file target.cif (mmCIF, C-alpha atoms)
data_coords
#
loop_
_atom_site.label_atom_id
_atom_site.label_comp_id
_atom_site.auth_asym_id
_atom_site.auth_seq_id
_atom_site.Cartn_x
_atom_site.Cartn_y
_atom_site.Cartn_z
CA MET A 1 35.56 92.67 2.56
CA ASN A 2 38.76 92.02 4.44
CA ASN A 3 39.50 88.73 6.18
CA ASP A 4 42.75 89.99 7.78
CA THR A 5 43.18 87.98 11.00
CA THR A 6 45.14 90.84 12.58
CA MET A 7 41.87 92.73 13.08
CA TYR A 8 41.10 91.42 16.54
CA ASN A 9 38.32 92.38 18.94
CA LEU A 10 36.17 94.13 16.37
CA PRO A 11 32.40 94.00 16.89
CA ALA A 12 29.87 92.46 14.57
CA VAL A 13 28.20 95.14 12.44
CA SER A 14 24.81 95.17 10.73
CA ILE A 15 24.79 97.54 7.75
CA ILE A 16 21.19 98.56 7.04
CA ILE A 17 20.41 100.07 3.62
CA PRO A 18 16.85 101.36 3.12
CA GLU A 19 15.97 101.96 -0.51
CA ARG A 20 13.16 102.64 -2.93
CA ASN A 21 13.64 102.86 -6.69
CA GLU A 22 17.42 103.26 -6.40
CA GLU A 23 18.38 101.17 -9.44
CA LYS A 24 20.73 103.91 -10.67
CA HIS A 25 22.84 103.87 -7.51
CA LEU A 26 22.43 100.55 -5.69
CA GLU A 27 25.20 98.68 -7.46
CA GLN A 28 27.78 101.33 -6.55
CA CYS A 29 26.46 101.52 -2.99
CA ILE A 30 26.43 97.78 -2.27
CA THR A 31 29.70 97.14 -4.10
CA SER A 32 31.41 99.74 -1.89
CA VAL A 33 30.03 97.91 1.18
CA PHE A 34 31.46 94.57 0.02
CA ASN A 35 34.81 96.29 -0.57
CA LEU A 36 35.08 97.54 3.01
CA ASN A 37 38.34 97.01 4.86
CA TYR A 38 36.63 95.02 7.64
CA PRO A 39 36.39 91.27 8.38
CA SER A 40 33.64 89.84 6.18
CA ASN A 41 32.53 87.38 8.86
CA LEU A 42 31.69 90.34 11.11
CA ILE A 43 29.47 92.16 8.61
CA GLU A 44 25.77 91.59 8.01
CA VAL A 45 24.35 93.49 5.04
CA ILE A 46 20.60 94.14 5.18
CA VAL A 47 18.75 95.90 2.36
CA VAL A 48 15.17 96.95 3.12
CA ASP A 49 13.14 97.59 -0.02
CA ASN A 50 10.31 100.08 0.44
CA GLY A 51 8.09 99.03 -2.46
CA SER A 52 10.36 99.64 -5.45
CA ILE A 53 8.75 99.45 -8.88
CA ASP A 54 12.04 99.56 -10.81
CA ASN A 55 14.78 96.91 -10.97
CA SER A 56 16.18 97.60 -7.49
CA THR A 57 15.31 94.23 -5.96
CA GLU A 58 16.75 92.32 -8.94
CA ILE A 59 20.01 94.29 -8.67
CA VAL A 60 20.28 93.57 -4.94
CA THR A 61 19.58 89.86 -5.45
CA GLN A 62 22.26 89.60 -8.16
CA LEU A 63 24.84 91.36 -5.99
CA PHE A 64 24.06 89.22 -2.94
CA ASN A 65 24.35 86.06 -5.05
CA LYS A 66 27.64 87.28 -6.48
CA HIS A 67 29.15 87.97 -3.06
CA GLY A 68 27.49 85.04 -1.31
CA SER A 69 25.91 87.01 1.52
CA GLY A 70 23.29 89.62 2.31
CA VAL A 71 19.69 89.78 3.51
CA MET A 72 16.89 91.31 1.48
CA LEU A 73 13.79 92.47 3.37
CA SER A 74 10.61 94.11 2.13
CA LYS A 75 8.56 96.76 3.90
CA VAL A 76 5.96 98.49 1.77
CA GLY A 77 4.74 101.87 2.98
CA GLY A 78 5.66 103.85 6.06
CA THR A 79 8.19 106.59 6.67
CA ILE A 80 11.92 106.27 6.03
CA ALA A 81 12.30 106.12 9.82
CA SER A 82 10.05 103.06 9.95
CA VAL A 83 12.00 101.41 7.11
CA ARG A 84 15.29 101.91 8.97
CA ASN A 85 13.75 100.57 12.19
CA PHE A 86 12.43 97.54 10.33
CA GLY A 87 15.97 96.68 9.31
CA TRP A 88 17.20 97.27 12.87
CA ARG A 89 14.66 94.80 14.29
CA HIS A 90 16.13 92.10 12.04
CA ALA A 91 19.76 93.02 12.73
CA GLN A 92 22.13 90.86 14.75
CA GLY A 93 25.15 93.15 15.11
CA ASP A 94 26.41 94.90 18.24
CA VAL A 95 26.97 97.94 16.02
CA LEU A 96 24.45 99.33 13.53
CA ALA A 97 25.45 101.18 10.37
CA PHE A 98 22.77 103.01 8.39
CA LEU A 99 23.58 103.87 4.81
CA ASP A 100 21.31 105.35 2.16
CA GLY A 101 20.96 103.42 -1.09
CA ASP A 102 22.46 106.31 -3.08
CA SER A 103 25.63 106.55 -0.96
CA VAL A 104 29.10 105.16 -1.70
CA VAL A 105 31.55 104.64 1.17
CA ASP A 106 35.32 104.75 1.43
CA PRO A 107 36.96 101.34 2.05
CA ASP A 108 37.98 102.48 5.56
CA TRP A 109 34.58 104.00 6.43
CA LEU A 110 33.44 101.22 8.74
CA LEU A 111 36.77 100.43 10.42
CA THR A 112 37.49 104.11 11.09
CA GLY A 113 33.95 104.64 12.34
CA VAL A 114 34.01 101.64 14.69
CA ASN A 115 37.36 102.76 16.13
CA LEU A 116 35.95 106.24 16.81
CA LEU A 117 32.75 104.76 18.22
CA LEU A 118 34.55 102.48 20.67
CA ALA A 119 37.11 105.08 21.78
CA LYS A 120 34.91 106.01 24.76
CA ASP A 121 31.90 104.34 26.34
CA ASP A 122 29.78 107.49 26.18
CA ILE A 123 30.02 107.80 22.38
CA SER A 124 26.83 106.49 20.80
CA CYS A 125 27.08 107.52 17.16
CA VAL A 126 29.59 108.47 14.45
CA GLY A 127 29.03 110.05 11.05
CA PHE A 128 31.36 111.12 8.27
CA ALA A 129 31.58 114.05 5.88
CA VAL A 130 29.98 114.09 2.46
CA SER A 131 32.41 114.15 -0.46
CA PRO A 132 33.06 117.59 -2.00
CA PRO A 133 31.42 118.25 -5.38
CA SER A 134 33.34 117.75 -8.60
CA CYS A 135 33.80 120.26 -11.42
CA ASP A 136 31.13 118.35 -13.38
CA ASP A 137 28.45 118.90 -10.74
CA THR A 138 25.78 121.59 -11.23
CA TRP A 139 25.91 125.00 -9.56
CA VAL A 140 23.11 123.85 -7.22
CA GLU A 141 25.19 120.89 -6.01
CA ARG A 142 28.29 123.05 -5.56
CA ALA A 143 26.40 125.81 -3.74
CA TRP A 144 24.54 123.37 -1.50
CA TYR A 145 27.79 121.74 -0.43
CA GLN A 146 28.94 125.12 0.85
CA ILE A 147 26.03 125.37 3.29
CA CYS A 148 25.02 121.77 4.06
CA SER A 149 25.43 120.45 7.61
CA SER A 150 28.38 118.21 6.71
CA SER A 151 30.53 121.02 5.32
CA LYS A 152 30.03 123.18 8.44
CA HIS A 153 32.35 120.94 10.46
CA SER A 154 35.99 119.97 10.06
CA GLY A 155 38.21 117.50 11.85
CA THR A 156 36.78 115.12 14.43
CA LYS A 157 34.43 116.75 16.93
CA GLN A 158 31.32 116.35 19.03
CA VAL A 159 28.10 117.58 17.38
CA GLY A 160 24.41 117.76 18.24
CA TRP A 161 23.12 115.59 15.39
CA LEU A 162 24.31 113.73 12.30
CA SER A 163 22.78 113.26 8.88
CA SER A 164 21.26 109.80 8.51
CA PHE A 165 22.69 109.07 5.03
CA ASN A 166 25.67 107.52 6.89
CA LEU A 167 25.52 106.65 10.57
CA ILE A 168 27.42 104.15 12.72
CA LEU A 169 25.84 103.53 16.14
CA ARG A 170 26.05 101.32 19.19
CA SER A 171 22.96 99.12 19.08
CA ASP A 172 22.39 99.41 22.85
CA TYR A 173 22.15 103.21 22.75
CA PHE A 174 19.88 103.01 19.70
CA ALA A 175 17.62 100.52 21.49
CA GLU A 176 17.59 102.63 24.66
CA ILE A 177 15.95 105.56 22.86
CA GLY A 178 13.67 103.32 20.80
CA GLY A 179 15.27 103.95 17.41
CA PHE A 180 14.01 106.49 14.91
CA ASP A 181 10.67 108.20 15.53
CA GLU A 182 8.48 106.50 12.93
CA SER A 183 5.86 109.26 13.04
CA LEU A 184 8.28 111.73 11.43
CA VAL A 185 8.27 111.89 7.64
CA THR A 186 11.37 114.10 7.66
CA CYS A 187 13.85 115.46 10.26
CA GLU A 188 14.10 111.99 11.81
CA ASP A 189 17.88 112.30 11.96
CA VAL A 190 17.73 115.61 13.84
CA ASP A 191 15.25 114.12 16.29
CA LEU A 192 17.44 111.03 16.76
CA GLY A 193 20.46 113.24 17.38
CA ASN A 194 18.63 115.35 19.94
CA ARG A 195 17.57 112.28 21.91
CA LEU A 196 20.99 110.60 21.72
CA SER A 197 22.69 113.85 22.75
CA SER A 198 20.76 113.85 26.02
CA ILE A 199 22.42 110.58 27.10
CA SER A 200 25.64 110.36 25.07
CA LYS A 201 28.03 111.99 22.59
CA LEU A 202 27.77 112.10 18.80
CA ILE A 203 30.98 112.40 16.78
CA PHE A 204 31.43 113.91 13.32
CA SER A 205 34.63 113.21 11.42
CA ASP A 206 36.15 114.03 8.05
CA GLU A 207 38.72 111.24 8.31
CA CYS A 208 36.61 109.53 5.63
CA TYR A 209 34.21 110.84 3.02
CA VAL A 210 30.95 109.38 1.78
CA LYS A 211 29.80 110.14 -1.75
CA HIS A 212 26.09 111.00 -1.95
CA LEU A 213 25.00 110.23 -5.51
CA GLY A 214 21.38 111.31 -5.16
CA ASN A 215 21.93 115.04 -4.64
CA VAL A 216 19.40 117.29 -6.37
CA LYS A 217 20.84 118.90 -9.49
CA SER A 218 18.39 121.63 -10.47
CA LEU A 219 16.85 124.58 -8.63
CA HIS A 220 13.35 123.18 -9.14
CA GLU A 221 14.34 119.83 -7.63
CA PHE A 222 16.00 121.65 -4.75
CA ILE A 223 12.90 123.70 -3.91
CA VAL A 224 10.63 120.64 -4.03
CA LYS A 225 13.04 118.62 -1.87
CA GLU A 226 13.46 121.34 0.77
CA PHE A 227 9.70 121.92 0.96
CA TRP A 228 9.34 118.19 1.63
CA ARG A 229 12.21 118.17 4.13
CA GLY A 230 10.58 120.97 6.11
CA LYS A 231 7.42 118.95 6.65
CA ASN A 232 8.33 117.87 10.19
CA SER A 233 10.56 120.80 11.19
CA PHE A 234 7.94 122.16 13.59
CA SER A 235 7.27 118.71 15.09
CA SER A 236 11.01 118.22 15.66
CA PHE A 237 11.20 121.68 17.26
CA LYS A 238 8.37 120.86 19.68
CA LYS A 239 10.17 117.68 20.77
CA SER A 240 13.48 119.50 21.32
CA ASP A 241 12.34 121.30 24.53
CA GLY A 242 13.33 124.74 23.32
CA CYS A 243 16.78 123.86 21.96
CA LEU A 244 18.24 127.10 20.54
CA LYS A 245 19.38 125.55 17.25
CA GLU A 246 16.00 123.93 16.68
CA THR A 247 14.23 127.18 17.57
CA LEU A 248 16.32 129.13 15.04
CA SER A 249 15.87 126.45 12.37
CA VAL A 250 12.11 127.07 12.54
CA LEU A 251 12.05 130.77 13.39
CA ILE A 252 14.42 132.09 10.71
CA PRO A 253 12.74 130.45 7.67
CA THR A 254 9.27 131.32 9.00
CA VAL A 255 10.11 134.99 9.55
CA TYR A 256 11.90 135.12 6.21
CA VAL A 257 8.95 133.84 4.21
CA PHE A 258 6.62 136.34 5.90
CA VAL A 259 8.98 139.27 5.26
CA PHE A 260 9.53 138.15 1.66
CA THR A 261 5.76 138.00 1.09
CA LEU A 262 5.30 141.40 2.73
CA THR A 263 8.05 142.87 0.54
CA VAL A 264 6.42 141.61 -2.65
CA LEU A 265 3.05 143.03 -1.60
CA LEU A 266 4.50 146.40 -0.61
CA CYS A 267 6.49 146.63 -3.82
CA SER A 268 3.16 146.35 -5.63
CA ALA A 269 1.68 149.05 -3.41
CA ILE A 270 4.51 151.47 -4.22
CA LEU A 271 3.12 151.75 -7.73
CA PHE A 272 0.19 153.56 -6.16
CA LYS A 273 2.48 155.66 -3.93
CA GLN A 274 0.91 154.22 -0.82
CA ILE A 275 4.07 153.11 0.95
CA SER A 276 7.42 154.57 1.96
CA ILE A 277 10.36 153.85 -0.35
CA VAL A 278 12.62 153.76 2.73
CA LEU A 279 10.57 150.92 4.21
CA ILE A 280 10.74 149.03 0.94
CA PHE A 281 14.52 149.48 0.89
CA ILE A 282 14.83 148.10 4.43
CA LEU A 283 12.72 145.06 3.59
CA ILE A 284 14.65 144.36 0.38
CA ALA A 285 17.90 144.64 2.33
CA PHE A 286 16.58 142.05 4.79
CA VAL A 287 15.45 139.69 2.02
CA ALA A 288 18.81 139.91 0.21
CA GLY A 289 21.04 140.29 3.26
CA THR A 290 19.75 137.43 5.41
CA PRO A 291 20.73 134.56 3.06
CA MET A 292 24.05 136.27 2.34
CA LEU A 293 24.87 136.59 6.06
CA LEU A 294 23.85 132.97 6.68
CA ALA A 295 26.03 131.82 3.78
CA MET A 296 29.00 133.76 5.18
CA ARG A 297 28.30 132.37 8.64
CA ALA A 298 28.45 128.88 7.12
CA GLY A 299 31.98 129.68 6.02
CA VAL A 300 31.51 130.90 2.43
CA ARG A 301 34.18 133.54 1.84
CA ASN A 302 35.05 133.10 -1.83
CA ILE A 303 33.62 136.03 -3.81
CA ALA A 304 32.75 133.78 -6.76
CA ALA A 305 30.80 131.44 -4.47
CA ILE A 306 28.90 134.11 -2.52
CA PHE A 307 26.34 134.94 -5.22
CA PRO A 308 25.15 131.40 -6.15
CA THR A 309 25.24 130.32 -2.50
CA THR A 310 23.17 133.35 -1.47
CA ILE A 311 20.61 132.64 -4.20
CA LEU A 312 20.33 129.01 -3.14
CA TYR A 313 20.07 129.95 0.54
CA MET A 314 17.25 132.34 -0.33
CA PHE A 315 15.25 129.56 -1.99
CA TYR A 316 16.13 127.24 0.91
CA LEU A 317 14.63 129.71 3.41
CA LEU A 318 11.54 130.23 1.25
CA ALA A 319 10.94 126.51 0.72
CA ARG A 320 11.55 125.58 4.36
CA GLY A 321 9.56 128.54 5.67
CA ALA A 322 6.61 127.85 3.37
CA SER A 323 6.67 124.18 4.40
CA ILE A 324 6.71 125.01 8.11
CA VAL A 325 3.77 127.39 7.75
CA TYR A 326 1.85 124.95 5.55
CA ASN A 327 2.43 121.94 7.82
CA ILE A 328 2.24 123.60 11.24
CA ARG A 329 -0.04 121.83 13.70
#
call {"tool": "encode", "arguments": {"input": "target.cif", "output": "structure tokens"}}
result
Amino acid sequence: MNNDTTMYNLPAVSIIIPERNEEKHLEQCITSVFNLNYPSNLIEVIVVDNGSIDNSTEIVTQLFNKHGSGVMLSKVGGTIASVRNFGWRHAQGDVLAFLDGDSVVDPDWLLTGVNLLLAKDDISCVGFAVSPPSCDDTWVERAWYQICSSSKHSGTKQVGWLSSFNLILRSDYFAEIGGFDESLVTCEDVDLGNRLSSISKLIFSDECYVKHLGNVKSLHEFIVKEFWRGKNSFSSFKKSDGCLKETLSVLIPTVYVFVFTLTVLLCSAILFKQISIVLIFILIAFVAGTPMLLAMRAGVRNIAAIFPTTILYMFYLLARGASIVYNIR
């Protein structure tokens, strides 16, 4: 951390890191926090352990002892939203920074974020872009980067919500809306963004990048993760008061999984000549064309990237759609 006395009038910041069984990534994450270009006397580092059974707590303790600062808290059970809120309730800073335990920040992440945050009084939250994949990453990681929320934006701009793996917020705005909704197992960042957007502005920027070490690497892991992520999609939609983006995020995967299922069933029926081949062709075109169009809409134009991105988008729609149908209340 930087003790440069020329950095005047900067606010105190509480960096809250929720984690569970992150022994593979915690050292890189916390070390990057202690290397931030920001006055060390203005940073409070809080790690909230959510019942780890690996060596996470030992790693955190060693790092805090090495750097001579840091607060370790324990909260067993509850949603990730409740773990983040637990850290918030113990925080002292005027600015809150949430960082996942598998994320590594740029040295200027906090200083750049605070400057963007304080540029106008009606800005409540800032988030930065995820780092692009490397040539050593799997095809799933490379394809997902093409369509993830972070890669859809460029420059510095106002957005409707920000991914919670790196967030910098004014504590007063966060308190005004009551923090994260602890009843949500997933989609808590979308819900937070929707509520903050009703009273303030959220800013995305690619002036800095944050490396997310815990990305899924295989197709099986991706499907399992997206099925889990879709668990609260319908709940988030109901709270959004008919927001178009939220409506589409539920409607498109749900329709897709029904059409996909219908296509498979009708393809079986064609063996008995009980269904029109033209209808089958139309349904197959929908099943193949929808993820391709969505990938292109997300900005994928490279011919070599279209095929893997379309395949991944197809499994994304199936996993999310199946989760929405399964968990609908």
call {"tool": "closest_residue", "arguments": {"input": "target.cif", "among": "A:Leu96, A:Leu202, A:Leu36, A:Val287", "to": "Leu116 (chain A)", "atoms": "all atoms listed in the file"}}
result
A:Leu202
call {"tool": "resolve_selection", "arguments": {"input": "target.cif", "expression": "the PyMOL selection byres ((chain A and resi 233-237) around 12)", "output": "PyMOL selection string"}}
result
chain A and resi 181+183-195+226-232+238-254+319-329
call {"tool": "closest_residue", "arguments": {"input": "target.cif", "among": "A:Gly289, A:Gly113, A:Pro39, A:Gly127", "to": "Val159 (chain A)", "atoms": "all atoms listed in the file"}}
result
A:Gly127
call {"tool": "resolve_selection", "arguments": {"input": "target.cif", "expression": "the PyMOL selection byres ((chain A and resi 8-24) around 7)", "output": "number ranges by chain"}}
result
A: 5-7, 25-26, 42-56, 83-84, 87, 91-102
call {"tool": "atom_distance", "arguments": {"input": "target.cif", "atom1": "CA of Ser82 (chain A)", "atom2": "CA of Leu167 (chain A)"}}
result
15.9 Å
call {"tool": "residues_around", "arguments": {"input": "target.cif", "residues": "Gln146 (chain A)", "least_positions_apart": "5", "cutoff": "12 Å", "atoms": "all atoms listed in the file", "output": "list in words"}}
result
Val130, Ser131, Pro132, Pro133, Trp139, Val140, Glu141, Ser151, Lys152, His153, Leu294, Ala295, Met296, Arg297, Ala298, Gly299, Val300, Arg301, Asn302, Ala305, Ile306, Phe307, Pro308, Thr309, Thr310, Leu312 and Tyr313 of chain A
call {"tool": "axis_aligned_box", "arguments": {"input": "target.cif", "around": "region 243-260 of chain A", "padding_each_side": "3 Å", "output": "lines of an AutoDock Vina configuration file"}}
result
center_x = 13.0
center_y = 131.6
center_z = 11.8
size_x = 18.8
size_y = 21.4
size_z = 26.3
call {"tool": "residues_around", "arguments": {"input": "target.cif", "residues": "Ala285 (chain A)", "least_positions_apart": "6", "cutoff": "12 Å", "atoms": "only C-alpha atoms", "output": "MDAnalysis selection string"}}
result
chainID A and resid 256 259:260 263 278:279 291:293
call {"tool": "atom_distance", "arguments": {"input": "target.cif", "atom1": "CA of Cys29 (chain A)", "atom2": "CA of Asn215 (chain A)"}}
result
14.4 Å
call {"tool": "resolve_selection", "arguments": {"input": "target.cif", "expression": "the PyMOL selection byres ((chain A and resi 280) around 10)", "output": "ChimeraX atom specification"}}
result
/A:262-264,266-267,270,275-279,281-286
call {"tool": "atom_distance", "arguments": {"input": "target.cif", "atom1": "CA of Phe165 (chain A)", "atom2": "CA of His212 (chain A)"}}
result
8.0 Å
call {"tool": "closest_residue", "arguments": {"input": "target.cif", "among": "A:Ser134, A:Thr156, A:Ser124, A:Ser74", "to": "Phe174 (chain A)", "atoms": "only C-alpha atoms"}}
result
A:Ser124
call {"tool": "closest_residue", "arguments": {"input": "target.cif", "among": "A:Ile199, A:Ala81, A:Leu73, A:Met314", "to": "Cys125 (chain A)", "atoms": "all atoms listed in the file"}}
result
A:Ile199
call {"tool": "decode", "arguments": {"input": "target.cif", "residues": "region 73-84 of chain A", "atoms": "all heavy atoms", "output": "PDB file, in the first residue's frame"}}
result
ATOM      1  N   LEU A  73     -12.998 -12.259  10.015  1.00  0.00           N
ATOM      2  CA  LEU A  73     -14.291 -12.546  10.623  1.00  0.00           C
ATOM      3  C   LEU A  73     -14.762 -13.920  10.169  1.00  0.00           C
ATOM      4  O   LEU A  73     -14.336 -14.423   9.134  1.00  0.00           O
ATOM      5  CB  LEU A  73     -15.325 -11.489  10.222  1.00  0.00           C
ATOM      6  CG  LEU A  73     -15.017 -10.029  10.560  1.00  0.00           C
ATOM      7  CD1 LEU A  73     -16.085  -9.112   9.968  1.00  0.00           C
ATOM      8  CD2 LEU A  73     -14.920  -9.838  12.071  1.00  0.00           C
ATOM      9  N   SER A  74     -15.664 -14.499  10.936  1.00  0.00           N
ATOM     10  CA  SER A  74     -16.217 -15.808  10.580  1.00  0.00           C
ATOM     11  C   SER A  74     -17.735 -15.741  10.586  1.00  0.00           C
ATOM     12  O   SER A  74     -18.342 -15.244  11.538  1.00  0.00           O
ATOM     13  CB  SER A  74     -15.751 -16.874  11.569  1.00  0.00           C
ATOM     14  OG  SER A  74     -16.353 -18.127  11.282  1.00  0.00           O
ATOM     15  N   LYS A  75     -18.329 -16.218   9.492  1.00  0.00           N
ATOM     16  CA  LYS A  75     -19.783 -16.348   9.421  1.00  0.00           C
ATOM     17  C   LYS A  75     -20.086 -17.661   8.714  1.00  0.00           C
ATOM     18  O   LYS A  75     -19.920 -17.795   7.506  1.00  0.00           O
ATOM     19  CB  LYS A  75     -20.424 -15.196   8.660  1.00  0.00           C
ATOM     20  CG  LYS A  75     -21.958 -15.291   8.668  1.00  0.00           C
ATOM     21  CD  LYS A  75     -22.610 -14.294   7.755  1.00  0.00           C
ATOM     22  CE  LYS A  75     -24.130 -14.390   7.881  1.00  0.00           C
ATOM     23  NZ  LYS A  75     -24.648 -15.759   7.580  1.00  0.00           N
ATOM     24  N   VAL A  76     -20.527 -18.630   9.474  1.00  0.00           N
ATOM     25  CA  VAL A  76     -20.806 -19.952   8.931  1.00  0.00           C
ATOM     26  C   VAL A  76     -22.254 -20.006   8.466  1.00  0.00           C
ATOM     27  O   VAL A  76     -23.173 -19.634   9.187  1.00  0.00           O
ATOM     28  CB  VAL A  76     -20.545 -21.052   9.978  1.00  0.00           C
ATOM     29  CG1 VAL A  76     -20.860 -22.427   9.394  1.00  0.00           C
ATOM     30  CG2 VAL A  76     -19.099 -20.992  10.458  1.00  0.00           C
ATOM     31  N   GLY A  77     -22.441 -20.473   7.227  1.00  0.00           N
ATOM     32  CA  GLY A  77     -23.789 -20.583   6.684  1.00  0.00           C
ATOM     33  C   GLY A  77     -24.278 -19.279   6.081  1.00  0.00           C
ATOM     34  O   GLY A  77     -23.639 -18.240   6.186  1.00  0.00           O
ATOM     35  N   GLY A  78     -25.440 -19.348   5.454  1.00  0.00           N
ATOM     36  CA  GLY A  78     -26.029 -18.166   4.843  1.00  0.00           C
ATOM     37  C   GLY A  78     -25.602 -18.001   3.392  1.00  0.00           C
ATOM     38  O   GLY A  78     -24.700 -18.664   2.898  1.00  0.00           O
ATOM     39  N   THR A  79     -26.269 -17.092   2.708  1.00  0.00           N
ATOM     40  CA  THR A  79     -25.974 -16.825   1.310  1.00  0.00           C
ATOM     41  C   THR A  79     -24.735 -15.941   1.192  1.00  0.00           C
ATOM     42  O   THR A  79     -24.297 -15.334   2.170  1.00  0.00           O
ATOM     43  CB  THR A  79     -27.156 -16.103   0.650  1.00  0.00           C
ATOM     44  OG1 THR A  79     -27.357 -14.834   1.310  1.00  0.00           O
ATOM     45  CG2 THR A  79     -28.442 -16.923   0.769  1.00  0.00           C
ATOM     46  N   ILE A  80     -24.200 -15.852  -0.029  1.00  0.00           N
ATOM     47  CA  ILE A  80     -23.057 -14.970  -0.259  1.00  0.00           C
ATOM     48  C   ILE A  80     -23.439 -13.523   0.020  1.00  0.00           C
ATOM     49  O   ILE A  80     -22.613 -12.724   0.482  1.00  0.00           O
ATOM     50  CB  ILE A  80     -22.522 -15.128  -1.706  1.00  0.00           C
ATOM     51  CG1 ILE A  80     -21.271 -14.268  -1.939  1.00  0.00           C
ATOM     52  CG2 ILE A  80     -23.595 -14.787  -2.728  1.00  0.00           C
ATOM     53  CD1 ILE A  80     -20.100 -14.609  -1.080  1.00  0.00           C
ATOM     54  N   ALA A  81     -24.708 -13.183  -0.224  1.00  0.00           N
ATOM     55  CA  ALA A  81     -25.189 -11.832   0.086  1.00  0.00           C
ATOM     56  C   ALA A  81     -25.094 -11.562   1.588  1.00  0.00           C
ATOM     57  O   ALA A  81     -24.687 -10.471   2.011  1.00  0.00           O
ATOM     58  CB  ALA A  81     -26.635 -11.669  -0.391  1.00  0.00           C
ATOM     59  N   SER A  82     -25.447 -12.547   2.393  1.00  0.00           N
ATOM     60  CA  SER A  82     -25.399 -12.367   3.847  1.00  0.00           C
ATOM     61  C   SER A  82     -23.960 -12.279   4.343  1.00  0.00           C
ATOM     62  O   SER A  82     -23.665 -11.562   5.309  1.00  0.00           O
ATOM     63  CB  SER A  82     -26.137 -13.508   4.560  1.00  0.00           C
ATOM     64  OG  SER A  82     -25.421 -14.734   4.459  1.00  0.00           O
ATOM     65  N   VAL A  83     -23.044 -12.983   3.678  1.00  0.00           N
ATOM     66  CA  VAL A  83     -21.632 -12.938   4.062  1.00  0.00           C
ATOM     67  C   VAL A  83     -21.065 -11.548   3.767  1.00  0.00           C
ATOM     68  O   VAL A  83     -20.338 -10.963   4.579  1.00  0.00           O
ATOM     69  CB  VAL A  83     -20.829 -14.031   3.329  1.00  0.00           C
ATOM     70  CG1 VAL A  83     -19.347 -13.940   3.685  1.00  0.00           C
ATOM     71  CG2 VAL A  83     -21.364 -15.416   3.686  1.00  0.00           C
ATOM     72  N   ARG A  84     -21.406 -11.006   2.593  1.00  0.00           N
ATOM     73  CA  ARG A  84     -20.953  -9.651   2.258  1.00  0.00           C
ATOM     74  C   ARG A  84     -21.536  -8.627   3.235  1.00  0.00           C
ATOM     75  O   ARG A  84     -20.832  -7.718   3.690  1.00  0.00           O
ATOM     76  CB  ARG A  84     -21.356  -9.300   0.823  1.00  0.00           C
ATOM     77  CG  ARG A  84     -20.614 -10.102  -0.241  1.00  0.00           C
ATOM     78  CD  ARG A  84     -20.799  -9.497  -1.618  1.00  0.00           C
ATOM     79  NE  ARG A  84     -20.070 -10.246  -2.630  1.00  0.00           N
ATOM     80  CZ  ARG A  84     -20.628 -11.081  -3.497  1.00  0.00           C
ATOM     81  NH1 ARG A  84     -21.946 -11.259  -3.489  1.00  0.00           N
ATOM     82  NH2 ARG A  84     -19.894 -11.734  -4.377  1.00  0.00           N
TER      83      ARG A  84
END
